[in-house]
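*Asks:* Sending over a structure as structure tokens; questions will come in a sec.
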Amino acid sequence: MSFEIGWIRQAGNAAPRVGGAAPLIVPETVLEIVDAHRAGTMTPADTVARTFDRIRAHGDDAVFITLRDAAEAIAEAKALAAEGPADRPLYGVPVAVKDNIDVKGLPTTAACPAFAYRPAEDATVVRRLKRAGAVVIGKTNLDQFATGLVGVRSPHGIPRNVFDPALIPGGSSSGSAIAVAAGLVPLALGTDTAGSGRVPAGLGNIVGLKPSLGLVSNYGVVPACRSLDCVSVLALTVDDAWAALAALAGPDPADPYGRARPLGRLGPLAKGIRLGVPRRGQRIFFDDRASMTAYEAALTRFSALGAIITEIDMEPFYETARLLYEGPWVAERYIAARAVIAASPESMHPVTRDIILRGAGPSAVDAFAAFYKLEEFKRVRDRTFDRIDALLLPTVPTVYTVEQVLADPIELNSRLGTYTNFVNLLDLAGLAVPASMREDGTPFGVTLLAPAGHDALLASIGRVFHADSALTLGALGRAQPPLCTIPAAATADEIAIAVVGAHLSGMPLNGELERLGARLMETTSTAPDYRLYALAGTHPPKPGLLRVAKGEGAAIEIEIWALSAQAFGRFVAAVPPPLSIGTLALTDGRTVKGFLVEPAAIAGARDISGFGGWRAYIATSAVTA
């Protein structure tokens, strides 16, 4: 997309005009801004200047703890433009950074002045943002030491909720979320240990992406719970959040908790995707009927988009959540803050101090007992995700006013973590997306969760759902832009493979593809030169696709997935006989590698070609896939 506009600055506000015409649509999202910069219809300096104009006009001093000098940031943007866009995916995009992440030249405070220091270098994520062409605007407010989901535990004030100033903004990434929701910046970094990057996103009608543990480096981030912390992304759309994650992800030798994780690629929303939801008696909303109704409406919308809704037992997940603050992981928070507590305890927020001090109590015996229990819950996690592709939960069960939270800071904070506190303990990836606006004008959001390594799957689901909501962006009142186009063809470093049975999306073996970082490219059919058979004695049940003479076959539904060359080799090596990988002819004349069966294996097998595909056969037969 491009924007044929020129910039006129009036009374400190930027307004796009063409001659004397009325203002046109201003680029607001990351991808719109990058496109406009590349097209030359606006410059990075214009965008950065607009950001500072908007911050001044917004008039909430509690959003940022430290702002860069505007002239300095604009000069950086001009220097960036002089170098050109090159291959910078975030070219000229203004970014806000939570103030527990190091930015060279700005203090890191974690919202505790007594803790403040000036880092000698950027955190790895900041360095990668800059390398991608982003311009850091400043450091945002947070619940002190990233301890809290409410956004009210800071000596720097409480950022105003952009939909109702009486409501909490959510935390701990409060300033980052408000900066995006209010349109001050299109992109911000937060952190997420217990929901700190998802809760404020849910309360701000924006996207909160919590990547798989270790996918994004934590080097240069003030730890909360070091073994669980994630740098999170806050953005107006899933496409924007994904563009940022692609720039941030990757191994970092400086981070001992970094892990080799496949980023994967976006794909279409697969037909028959299985979404797990709590049993009706386990859906917790603390008597908030508006949120309960909004959640039910979200389930209905997902069903209309082709998802299969499956009820699961949530109690083990709720029990895991209680481990986070009732177990030994609070000791990790104590490690990070103990020097400040010892030197000047009065400098800390009293609620934060009391929570962190609990971390000094648990013994090694308590720790190992909790570790053992967590491993049991991880086995439950695995069994649950054998039946579903992702969990679909409310981001928060309800919302509270600032006054309510100040009167009852611990209990109400705990309630907000009902659907978030277990996520990092169970090594799940998460994506919070807007779902609807409640009748009282409060945003309602849902969160998609899947095992680590499935970040692309969540983004592929969430982007389509968010677009289907037709919600406006944050609090801007601006319609969402069209979803970015996903390449249907395999890229130069990928190999396409057609699957016909148990590896189809929503089927039992599809996880093998996802764990290898495969992406779904399309659903199509073979040429009418094949027969499909239900093979006997296979577990899980599998079909066999056999090529026959022209005029003797049928067109069979298949899915085409793209794999890296390395992943393709690993996948093919694991294909068991009598199946093999051959060349399939498609209905449109193309050819693709895909599953075939040895002719000898169909003796006694049922010919199911009349169903047109494995999915239709499973849906209309007594076979359990």
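Residue numbering restarts at 1 in every chain; chains get A, B, ... in the order shown in the structure tokens, and ligands count up from 1 in that same order.
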Just the residues within 8 Å of Thr418 (chain A), please, counting only C-alpha atoms, with nothing from its chain fewer than 3 positions along; format it as a list of chain:residue names.
*Replies:*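 Non-adjacent residues within range: A:Ile284, A:Tyr318, A:Ala321, A:Val396, A:Pro397, A:Ser414, A:Arg415, A:Asn421.
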*Asks:* Residues near Glu411 (chain A), anyone? I mean within 12 Å using only C-alpha atoms, not counting same-chain ones fewer than 6 positions away, as a PyMOL selection string.
*Replies:* chain A and resi 148-150+286+325+351+400+404-405+417-418
*Asks:* Convert the current residue selection to file output with C-alpha atoms, as a short mmCIF file (atom, residue, chain, number, x, y, z; two decimals), in the first residue's frame.
*Replies:*
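Written output follows (selection20.cif):
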data_model
loop_
_atom_site.label_atom_id
_atom_site.label_comp_id
_atom_site.auth_asym_id
_atom_site.auth_seq_id
_atom_site.Cartn_x
_atom_site.Cartn_y
_atom_site.Cartn_z
CA GLY A 148 1.94 -6.87 38.94
CA LEU A 149 -0.81 -7.10 36.33
CA VAL A 150 -2.58 -3.89 37.31
CA PHE A 286 -15.96 -13.40 38.95
CA TYR A 325 3.20 -16.81 43.50
CA VAL A 351 2.90 -3.76 47.71
CA TYR A 400 -11.36 -3.29 37.84
CA GLN A 404 -10.85 -0.99 43.59
CA VAL A 405 -7.30 -2.20 43.03
CA GLY A 417 -3.89 -13.61 36.27
CA THR A 418 -6.47 -16.40 36.15
#
*Asks:* Residues at most 9 Å from region 331-339 of chain A, counting only C-alpha atoms, excluding those fewer than 6 positions away in the same chain, as a ChimeraX atom specification?
*Replies:* /A:115,145,147,222-227,353,355-362
*Asks:* Among region 60-137 of chain A, which ones does DSSP place in alpha helix (DSSP H), written as an MDAnalysis selection string?
*Replies:* chainID A and resid 70:83 124:131
*Asks:* Residues of the last selection are to be written out with all heavy atoms, as a short mmCIF file (atom, residue, chain, number, x, y, z; two decimals), in the first residue's frame.
*Replies:*
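After the write, again37.cif holds the following:
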data_model
loop_
_atom_site.label_atom_id
_atom_site.label_comp_id
_atom_site.auth_asym_id
_atom_site.auth_seq_id
_atom_site.Cartn_x
_atom_site.Cartn_y
_atom_site.Cartn_z
N ALA A 70 13.68 15.17 21.60
CA ALA A 70 13.02 15.06 20.31
C ALA A 70 13.96 15.38 19.15
O ALA A 70 13.97 14.69 18.13
CB ALA A 70 11.79 15.97 20.27
N ALA A 71 14.75 16.43 19.30
CA ALA A 71 15.66 16.82 18.23
C ALA A 71 16.68 15.72 17.94
O ALA A 71 17.03 15.45 16.78
CB ALA A 71 16.37 18.12 18.60
N GLU A 72 17.13 15.06 18.99
CA GLU A 72 18.11 13.97 18.82
C GLU A 72 17.49 12.80 18.06
O GLU A 72 18.10 12.23 17.16
CB GLU A 72 18.59 13.52 20.20
CG GLU A 72 19.53 12.33 20.17
CD GLU A 72 19.83 11.82 21.57
OE1 GLU A 72 20.61 12.48 22.27
OE2 GLU A 72 19.24 10.78 21.96
N ALA A 73 16.24 12.44 18.44
CA ALA A 73 15.56 11.32 17.77
C ALA A 73 15.26 11.65 16.31
O ALA A 73 15.39 10.79 15.42
CB ALA A 73 14.27 10.98 18.52
N ILE A 74 14.86 12.89 16.05
CA ILE A 74 14.58 13.31 14.67
C ILE A 74 15.86 13.28 13.84
O ILE A 74 15.86 12.85 12.68
CB ILE A 74 13.92 14.70 14.65
CG1 ILE A 74 12.51 14.62 15.26
CG2 ILE A 74 13.85 15.25 13.22
CD1 ILE A 74 11.87 15.96 15.51
N ALA A 75 16.97 13.71 14.44
CA ALA A 75 18.26 13.66 13.74
C ALA A 75 18.64 12.22 13.40
O ALA A 75 19.17 11.94 12.32
CB ALA A 75 19.34 14.32 14.59
N GLU A 76 18.36 11.30 14.32
CA GLU A 76 18.64 9.89 14.05
C GLU A 76 17.79 9.39 12.89
O GLU A 76 18.26 8.63 12.03
CB GLU A 76 18.35 9.06 15.30
CG GLU A 76 18.61 7.57 15.12
CD GLU A 76 18.28 6.77 16.37
OE1 GLU A 76 18.56 7.26 17.47
OE2 GLU A 76 17.75 5.66 16.22
N ALA A 77 16.52 9.82 12.85
CA ALA A 77 15.63 9.42 11.77
C ALA A 77 16.12 9.96 10.43
O ALA A 77 16.04 9.28 9.40
CB ALA A 77 14.20 9.89 12.05
N LYS A 78 16.62 11.19 10.42
CA LYS A 78 17.16 11.77 9.18
C LYS A 78 18.40 11.01 8.72
O LYS A 78 18.58 10.77 7.51
CB LYS A 78 17.49 13.24 9.40
CG LYS A 78 16.25 14.13 9.54
CD LYS A 78 16.65 15.60 9.77
CE LYS A 78 15.41 16.49 9.85
NZ LYS A 78 15.78 17.91 10.11
N ALA A 79 19.25 10.63 9.66
CA ALA A 79 20.44 9.85 9.30
C ALA A 79 20.04 8.49 8.74
O ALA A 79 20.66 7.99 7.79
CB ALA A 79 21.34 9.69 10.53
N LEU A 80 19.00 7.92 9.31
CA LEU A 80 18.49 6.64 8.82
C LEU A 80 18.01 6.77 7.38
O LEU A 80 18.30 5.93 6.52
CB LEU A 80 17.35 6.16 9.73
CG LEU A 80 16.76 4.78 9.46
CD1 LEU A 80 17.76 3.70 9.83
CD2 LEU A 80 15.48 4.60 10.29
N ALA A 81 17.27 7.86 7.11
CA ALA A 81 16.76 8.09 5.75
C ALA A 81 17.91 8.30 4.76
O ALA A 81 17.82 7.90 3.59
CB ALA A 81 15.82 9.29 5.75
N ALA A 82 18.98 8.93 5.22
CA ALA A 82 20.12 9.15 4.34
C ALA A 82 20.76 7.83 3.92
O ALA A 82 21.30 7.70 2.81
CB ALA A 82 21.14 10.04 5.04
N GLU A 83 20.70 6.85 4.80
CA GLU A 83 21.24 5.53 4.49
C GLU A 83 20.31 4.74 3.59
O GLU A 83 20.74 3.84 2.86
CB GLU A 83 21.50 4.75 5.78
CG GLU A 83 22.56 5.36 6.68
CD GLU A 83 22.68 4.63 8.00
OE1 GLU A 83 21.98 3.61 8.19
OE2 GLU A 83 23.48 5.06 8.84
N THR A 124 19.97 -6.81 23.81
CA THR A 124 20.01 -7.44 22.48
C THR A 124 18.77 -7.09 21.67
O THR A 124 18.86 -6.81 20.47
CB THR A 124 20.12 -8.96 22.63
OG1 THR A 124 21.36 -9.27 23.29
CG2 THR A 124 20.10 -9.65 21.28
N VAL A 125 17.59 -7.08 22.31
CA VAL A 125 16.37 -6.78 21.56
C VAL A 125 16.37 -5.35 21.03
O VAL A 125 15.88 -5.09 19.92
CB VAL A 125 15.10 -7.02 22.42
CG1 VAL A 125 14.86 -8.51 22.60
CG2 VAL A 125 15.18 -6.31 23.75
N VAL A 126 16.92 -4.43 21.79
CA VAL A 126 17.00 -3.04 21.33
C VAL A 126 17.99 -2.92 20.17
O VAL A 126 17.74 -2.22 19.18
CB VAL A 126 17.38 -2.11 22.49
CG1 VAL A 126 17.63 -0.69 22.00
CG2 VAL A 126 16.27 -2.12 23.55
N ARG A 127 19.10 -3.60 20.30
CA ARG A 127 20.08 -3.58 19.21
C ARG A 127 19.47 -4.14 17.93
O ARG A 127 19.69 -3.60 16.83
CB ARG A 127 21.31 -4.40 19.61
CG ARG A 127 22.45 -4.30 18.61
CD ARG A 127 23.72 -4.92 19.15
NE ARG A 127 23.61 -6.37 19.31
CZ ARG A 127 23.54 -6.99 20.48
NH1 ARG A 127 23.55 -6.28 21.61
NH2 ARG A 127 23.46 -8.30 20.55
N ARG A 128 18.67 -5.19 18.06
CA ARG A 128 18.04 -5.77 16.87
C ARG A 128 16.95 -4.87 16.30
O ARG A 128 16.76 -4.81 15.08
CB ARG A 128 17.50 -7.16 17.21
CG ARG A 128 18.62 -8.17 17.41
CD ARG A 128 18.13 -9.56 17.79
NE ARG A 128 19.27 -10.47 17.90
CZ ARG A 128 19.19 -11.74 18.30
NH1 ARG A 128 17.99 -12.24 18.64
NH2 ARG A 128 20.27 -12.49 18.35
N LEU A 129 16.22 -4.18 17.18
CA LEU A 129 15.24 -3.20 16.70
C LEU A 129 15.92 -2.12 15.87
O LEU A 129 15.45 -1.76 14.77
CB LEU A 129 14.50 -2.56 17.87
CG LEU A 129 13.37 -3.32 18.55
CD1 LEU A 129 12.83 -2.51 19.72
CD2 LEU A 129 12.25 -3.62 17.57
N LYS A 130 17.01 -1.59 16.39
CA LYS A 130 17.72 -0.53 15.68
C LYS A 130 18.28 -1.05 14.36
O LYS A 130 18.24 -0.35 13.33
CB LYS A 130 18.83 0.03 16.56
CG LYS A 130 18.33 0.81 17.78
CD LYS A 130 19.49 1.33 18.62
CE LYS A 130 19.01 2.15 19.81
NZ LYS A 130 20.14 2.63 20.65
N ARG A 131 18.80 -2.26 14.37
CA ARG A 131 19.33 -2.85 13.14
C ARG A 131 18.23 -2.99 12.08
O ARG A 131 18.49 -2.87 10.88
CB ARG A 131 19.95 -4.21 13.45
CG ARG A 131 20.63 -4.89 12.27
CD ARG A 131 21.28 -6.19 12.70
NE ARG A 131 20.29 -7.16 13.14
CZ ARG A 131 20.58 -8.26 13.82
NH1 ARG A 131 21.84 -8.51 14.17
NH2 ARG A 131 19.65 -9.11 14.17
#
*Asks:* Considering only C-alpha atoms, return as a PyMOL selection string whatever protein or nucleic-acid residues lie within 12 Å of Val592 (chain A), sequence-local ones (same chain, fewer than 2 positions apart) excluded.
*Replies:* chain A and resi 489-490+495-499+524-527+558-562+581-590+594-596
*Asks:* Keeping only C-alpha atoms, take the residues you just selected and write them out as a PDB file, in the first residue's frame.
*Replies:*
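Printed below is selection-v5.pdb as written:
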ATOM      1  CA  ALA A 489       4.562 -20.349  -3.086  1.00  0.00           C
ATOM      2  CA  ALA A 490       7.492 -21.898  -1.301  1.00  0.00           C
ATOM      3  CA  ILE A 495      10.375 -27.342  -0.182  1.00  0.00           C
ATOM      4  CA  ALA A 496       6.629 -27.888  -0.604  1.00  0.00           C
ATOM      5  CA  ILE A 497       5.025 -31.160   0.434  1.00  0.00           C
ATOM      6  CA  ALA A 498       1.440 -32.365   0.032  1.00  0.00           C
ATOM      7  CA  VAL A 499      -0.232 -34.214   2.894  1.00  0.00           C
ATOM      8  CA  THR A 524      -6.249 -27.895  -3.005  1.00  0.00           C
ATOM      9  CA  SER A 525      -6.907 -31.192  -4.812  1.00  0.00           C
ATOM     10  CA  THR A 526      -4.962 -33.718  -6.811  1.00  0.00           C
ATOM     11  CA  ALA A 527      -5.584 -34.353 -10.466  1.00  0.00           C
ATOM     12  CA  ILE A 558      -4.838 -32.301   0.068  1.00  0.00           C
ATOM     13  CA  GLU A 559      -2.957 -29.586   1.958  1.00  0.00           C
ATOM     14  CA  ILE A 560       0.373 -28.202   0.790  1.00  0.00           C
ATOM     15  CA  TRP A 561       2.874 -27.252   3.490  1.00  0.00           C
ATOM     16  CA  ALA A 562       6.270 -25.582   3.133  1.00  0.00           C
ATOM     17  CA  ILE A 581       7.204 -39.570  -0.780  1.00  0.00           C
ATOM     18  CA  GLY A 582       6.683 -39.215  -4.507  1.00  0.00           C
ATOM     19  CA  THR A 583       5.483 -36.631  -7.004  1.00  0.00           C
ATOM     20  CA  LEU A 584       1.782 -35.727  -7.057  1.00  0.00           C
ATOM     21  CA  ALA A 585      -0.040 -34.078  -9.953  1.00  0.00           C
ATOM     22  CA  LEU A 586      -2.474 -31.353  -8.891  1.00  0.00           C
ATOM     23  CA  THR A 587      -5.816 -30.423 -10.380  1.00  0.00           C
ATOM     24  CA  ASP A 588      -4.353 -27.230 -11.892  1.00  0.00           C
ATOM     25  CA  GLY A 589      -1.479 -29.036 -13.608  1.00  0.00           C
ATOM     26  CA  ARG A 590       1.249 -28.322 -11.048  1.00  0.00           C
ATOM     27  CA  GLY A 594       3.678 -35.708  -1.423  1.00  0.00           C
ATOM     28  CA  PHE A 595       2.561 -38.913   0.245  1.00  0.00           C
ATOM     29  CA  LEU A 596       1.933 -42.033  -1.855  1.00  0.00           C
TER      30      LEU A 596
END
*Asks:* May I have the residues within 12 Å of Tyr117 (chain A) as a CSV table (one decimal) with N, CA and C atoms, in the first residue's frame, using only C-alpha atoms and disregarding those fewer than 2 positions away in the same chain?
*Replies:*
chain,number,residue,atom,x,y,z
A,99,ASP,N,10.7,0.2,30.7
A,99,ASP,CA,11.9,0.6,31.4
A,99,ASP,C,12.5,-0.4,32.3
A,100,ASN,N,12.4,-1.7,31.9
A,100,ASN,CA,13.3,-2.7,32.5
A,100,ASN,C,14.1,-3.4,31.4
A,101,ILE,N,14.2,-2.7,30.3
A,101,ILE,CA,15.0,-3.2,29.2
A,101,ILE,C,16.1,-2.1,28.8
A,102,ASP,N,17.3,-2.4,28.7
A,102,ASP,CA,18.4,-1.5,28.6
A,102,ASP,C,18.4,-0.8,27.2
A,103,VAL,N,18.5,0.5,27.3
A,103,VAL,CA,18.7,1.3,26.1
A,103,VAL,C,19.9,2.2,26.4
A,104,LYS,N,21.0,2.1,25.6
A,104,LYS,CA,22.2,2.9,25.8
A,104,LYS,C,21.8,4.4,25.7
A,105,GLY,N,22.3,5.1,26.7
A,105,GLY,CA,22.0,6.6,26.7
A,105,GLY,C,20.8,7.0,27.6
A,106,LEU,N,20.0,6.0,28.0
A,106,LEU,CA,18.9,6.3,28.8
A,106,LEU,C,19.0,5.4,30.1
A,107,PRO,N,18.5,6.0,31.2
A,107,PRO,CA,18.6,5.2,32.4
A,107,PRO,C,17.6,4.0,32.4
A,108,THR,N,18.0,2.9,33.1
A,108,THR,CA,17.1,1.8,33.3
A,108,THR,C,16.7,1.9,34.8
A,109,THR,N,15.4,1.9,35.1
A,109,THR,CA,15.0,2.1,36.5
A,109,THR,C,14.1,1.0,37.0
A,110,ALA,N,13.4,0.2,36.1
A,110,ALA,CA,12.5,-0.8,36.6
A,110,ALA,C,11.4,-0.1,37.5
A,111,ALA,N,11.2,1.2,37.3
A,111,ALA,CA,10.2,2.0,38.0
A,111,ALA,C,10.6,2.1,39.5
A,112,CYS,N,11.9,2.0,39.8
A,112,CYS,CA,12.4,2.2,41.1
A,112,CYS,C,13.6,3.1,41.1
A,113,PRO,N,13.5,4.4,41.4
A,113,PRO,CA,14.6,5.3,41.3
A,113,PRO,C,15.9,4.9,42.0
A,114,ALA,N,15.7,4.2,43.2
A,114,ALA,CA,16.9,3.8,43.9
A,114,ALA,C,17.7,2.7,43.2
A,115,PHE,N,17.0,2.0,42.3
A,115,PHE,CA,17.7,0.9,41.5
A,115,PHE,C,18.3,1.4,40.2
A,119,PRO,N,23.0,1.9,31.5
A,119,PRO,CA,23.6,0.8,30.8
A,119,PRO,C,24.7,1.2,29.8
A,120,ALA,N,25.7,0.4,29.7
A,120,ALA,CA,26.8,0.7,28.8
A,120,ALA,C,26.5,0.3,27.4
A,121,GLU,N,25.5,-0.5,27.2
A,121,GLU,CA,25.1,-1.0,25.9
A,121,GLU,C,23.6,-1.3,25.8
A,222,VAL,N,16.2,-6.4,32.9
A,222,VAL,CA,16.2,-6.6,34.3
A,222,VAL,C,15.3,-7.8,34.6
*Asks:* Quick one: everything within 9 Å of Asp366 (chain A), counting only C-alpha atoms, minus sequence neighbours fewer than 4 positions away in the same chain. Send it as number ranges by chain.
*Replies:* A: 327-328, 362, 370-371
*Asks:* Using only C-alpha atoms, which of A:Glu514, A:Asp607, A:Asp427, A:Glu494 sits nearest Leu532 (chain A)?
*Replies:* A:Asp607
